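In what follows, a single structure is set out as structure tokens and then discussed.
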Amino acid sequence: MMAVAAVGCGTVVAGGKTSRIVLTELRPSVSCSDAECSVRVQVSVGDRTLLSDPLPFSSLSGEIESIPADSSFGLGKTAGRDLVAWAIGREEKSIAVAMELVPIGSGQGIIVHQVAGFDHPKRAHVVLEITAAELKSHLQVVEGTGPEYISFWPEPAGFALGRSFGASGKEQIEHYRWEGTGRKRSLVPVN
């Protein structure tokens with residue numbers, strides 16, 4: 001049985017008006033063709049369903065099961081975070097997806113963490129904003145080739161992205177903060 005997150009209330013700004021929204025469900029949505037199964041984020045807002053663009057990693061099977069979110073997702077600092085996670089696919093052909101709700105100004109957002117691969121896992125992180133009409137993507141980071149490890153976590157005014165390279169384990173941390181409101185909201189690097 002697949003778990004879904006019951007996610008509570010938030011607000012969105014549309015057309016200059018602030019509206020209260022009730023998010024009733026947060027889960028992955030899998031759509032399969034002959035070659036692969038693309039994965040999207042699905043959010044139920046009242047009687048509406050919003051779908052994200054396809055996430056970076058796809059699976060070869062549409063089977064979904066709940067799993068615990070662990071350090072393999074590149075979660076960075078995990079204290080006090082409410083994460084829900086799923087495995088999609090089977091064995092070495094599977095991917096894992098973890099999601100968490102985060103505040104974005106006076107609204108709501110979702111951080112999506114993905115892991116793909118078996119012997120050499122690769123991670124991706126996506127930041128989505130929940131608006132009245134869509135799941136708007138603000139940032140997508142995918143690990144590069146070679147010995148790179150990325151981690152991603154929320155901070156009070158934005159997010160932090162950690163990058164470790166090779167055996168040295170030295171981590172570089174990039175901080176991002178929210179700027180602007182409504183349709184002009186963006187995530188910008190902090191020097």
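Letters for chains follow the order of the structure tokens (A, B, ...), residue numbers begin at 1 for each chain, and ligand numbers begin at 1 in the order shown.
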DSSP strand (DSSP E) selection over stretch 15-77 of chain A, as a PyMOL selection string: chain A and resi 17-32+37-45+48-51+64-67
Take the residues from that selection and write them out as a PDB file, in the first residue's frame, keeping C-alpha atoms.
```pdb
ATOM      1  CA  LYS A  17      -5.322  38.132  -3.625  1.00  0.00           C
ATOM      2  CA  THR A  18      -4.135  35.873  -0.828  1.00  0.00           C
ATOM      3  CA  SER A  19      -6.134  32.646  -0.542  1.00  0.00           C
ATOM      4  CA  ARG A  20      -6.040  29.882   2.044  1.00  0.00           C
ATOM      5  CA  ILE A  21      -5.558  26.441   0.535  1.00  0.00           C
ATOM      6  CA  VAL A  22      -5.984  23.012   2.054  1.00  0.00           C
ATOM      7  CA  LEU A  23      -3.536  20.444   0.758  1.00  0.00           C
ATOM      8  CA  THR A  24      -5.074  17.033   1.203  1.00  0.00           C
ATOM      9  CA  GLU A  25      -2.501  14.810  -0.470  1.00  0.00           C
ATOM     10  CA  LEU A  26       1.133  14.810  -1.582  1.00  0.00           C
ATOM     11  CA  ARG A  27       2.512  11.814  -3.473  1.00  0.00           C
ATOM     12  CA  PRO A  28       4.416  10.709  -6.558  1.00  0.00           C
ATOM     13  CA  SER A  29       2.504  10.114  -9.789  1.00  0.00           C
ATOM     14  CA  VAL A  30       3.959   7.545 -12.199  1.00  0.00           C
ATOM     15  CA  SER A  31       3.148   7.374 -15.909  1.00  0.00           C
ATOM     16  CA  CYS A  32       4.652   4.529 -17.959  1.00  0.00           C
ATOM     17  CA  CYS A  37       8.048   5.400 -16.254  1.00  0.00           C
ATOM     18  CA  SER A  38       8.262   9.143 -15.649  1.00  0.00           C
ATOM     19  CA  VAL A  39       7.690  10.412 -12.125  1.00  0.00           C
ATOM     20  CA  ARG A  40       5.935  13.655 -11.178  1.00  0.00           C
ATOM     21  CA  VAL A  41       4.806  15.235  -7.918  1.00  0.00           C
ATOM     22  CA  GLN A  42       1.036  15.159  -7.417  1.00  0.00           C
ATOM     23  CA  VAL A  43      -0.642  17.506  -4.933  1.00  0.00           C
ATOM     24  CA  SER A  44      -4.347  17.562  -4.157  1.00  0.00           C
ATOM     25  CA  VAL A  45      -5.547  21.065  -3.255  1.00  0.00           C
ATOM     26  CA  ARG A  48      -8.053  20.134  -7.684  1.00  0.00           C
ATOM     27  CA  THR A  49      -5.023  18.018  -8.541  1.00  0.00           C
ATOM     28  CA  LEU A  50      -1.751  19.677  -9.548  1.00  0.00           C
ATOM     29  CA  LEU A  51       1.083  17.803 -11.303  1.00  0.00           C
ATOM     30  CA  ILE A  64       5.342   2.132  -5.715  1.00  0.00           C
ATOM     31  CA  GLU A  65       5.904   1.333  -2.044  1.00  0.00           C
ATOM     32  CA  SER A  66       6.506   3.452   1.052  1.00  0.00           C
ATOM     33  CA  ILE A  67      10.031   3.495   2.504  1.00  0.00           C
TER      34      ILE A  67
END
```
Each residue of stretch 43-79 of chain A with at least one atom at most 6 Å from stretch 146-154 of chain A should appear once, together with its nearest atom pair and the corresponding distance in Å (one decimal); atoms considered: only C-alpha atoms; ordering: chain, then increasing residue number; output as JSON lines.
```
{"residue": "A:Gly74", "atom": "CA", "partner": "A:Ser151", "partner_atom": "CA", "distance": 4.0}
{"residue": "A:Leu75", "atom": "CA", "partner": "A:Ser151", "partner_atom": "CA", "distance": 5.3}
{"residue": "A:Gly76", "atom": "CA", "partner": "A:Ser151", "partner_atom": "CA", "distance": 5.1}
```
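Within 8 Å of A:Leu83, once only C-alpha atoms are used and residues closer than 3 positions along the same chain are dropped, the contacting residues are Ala69, Ala98, Met99 and Glu100 of chain A.
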Among listed residues A:Gly89, A:Pro56, A:Gly109, A:Pro156, nearest A:Leu128 (using only C-alpha atoms): A:Gly109
Distance table requested - stretch 28-128 of chain A against stretch 140-145 of chain A, cut-off 7 Å, only C-alpha atoms: one row per qualifying residue with the closest atom pair and its distance in Å to one decimal, ordered by chain and rising residue number, as JSON lines.
```
{"residue": "A:Lys122", "atom": "CA", "partner": "A:Glu143", "partner_atom": "CA", "distance": 6.1}
{"residue": "A:Arg123", "atom": "CA", "partner": "A:Glu143", "partner_atom": "CA", "distance": 5.7}
{"residue": "A:Ala124", "atom": "CA", "partner": "A:Val142", "partner_atom": "CA", "distance": 4.2}
{"residue": "A:His125", "atom": "CA", "partner": "A:Val141", "partner_atom": "CA", "distance": 5.3}
{"residue": "A:Val126", "atom": "CA", "partner": "A:Gln140", "partner_atom": "CA", "distance": 4.4}
{"residue": "A:Val127", "atom": "CA", "partner": "A:Gln140", "partner_atom": "CA", "distance": 6.6}
```
Only C-alpha atoms, please: the residues just picked out, written as a PDB file, in the first residue's frame.
```
ATOM      1  CA  LYS A 122      23.015   9.642  -8.033  1.00  0.00           C
ATOM      2  CA  ARG A 123      20.877  12.301  -6.328  1.00  0.00           C
ATOM      3  CA  ALA A 124      18.654  15.128  -7.577  1.00  0.00           C
ATOM      4  CA  HIS A 125      16.810  17.854  -5.648  1.00  0.00           C
ATOM      5  CA  VAL A 126      13.919  19.994  -6.936  1.00  0.00           C
ATOM      6  CA  VAL A 127      12.193  22.972  -5.262  1.00  0.00           C
TER       7      VAL A 127
END
```
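Going from atom CA of A:Ser61 to atom CA of A:Lys93 covers 7.9 Å.
Minimum atom-to-atom distances from A:Ala96, A:Val84, A:Val115, A:Ile130 to A:Gly62 were compared using only C-alpha atoms, and the lowest value belongs to A:Ala96.
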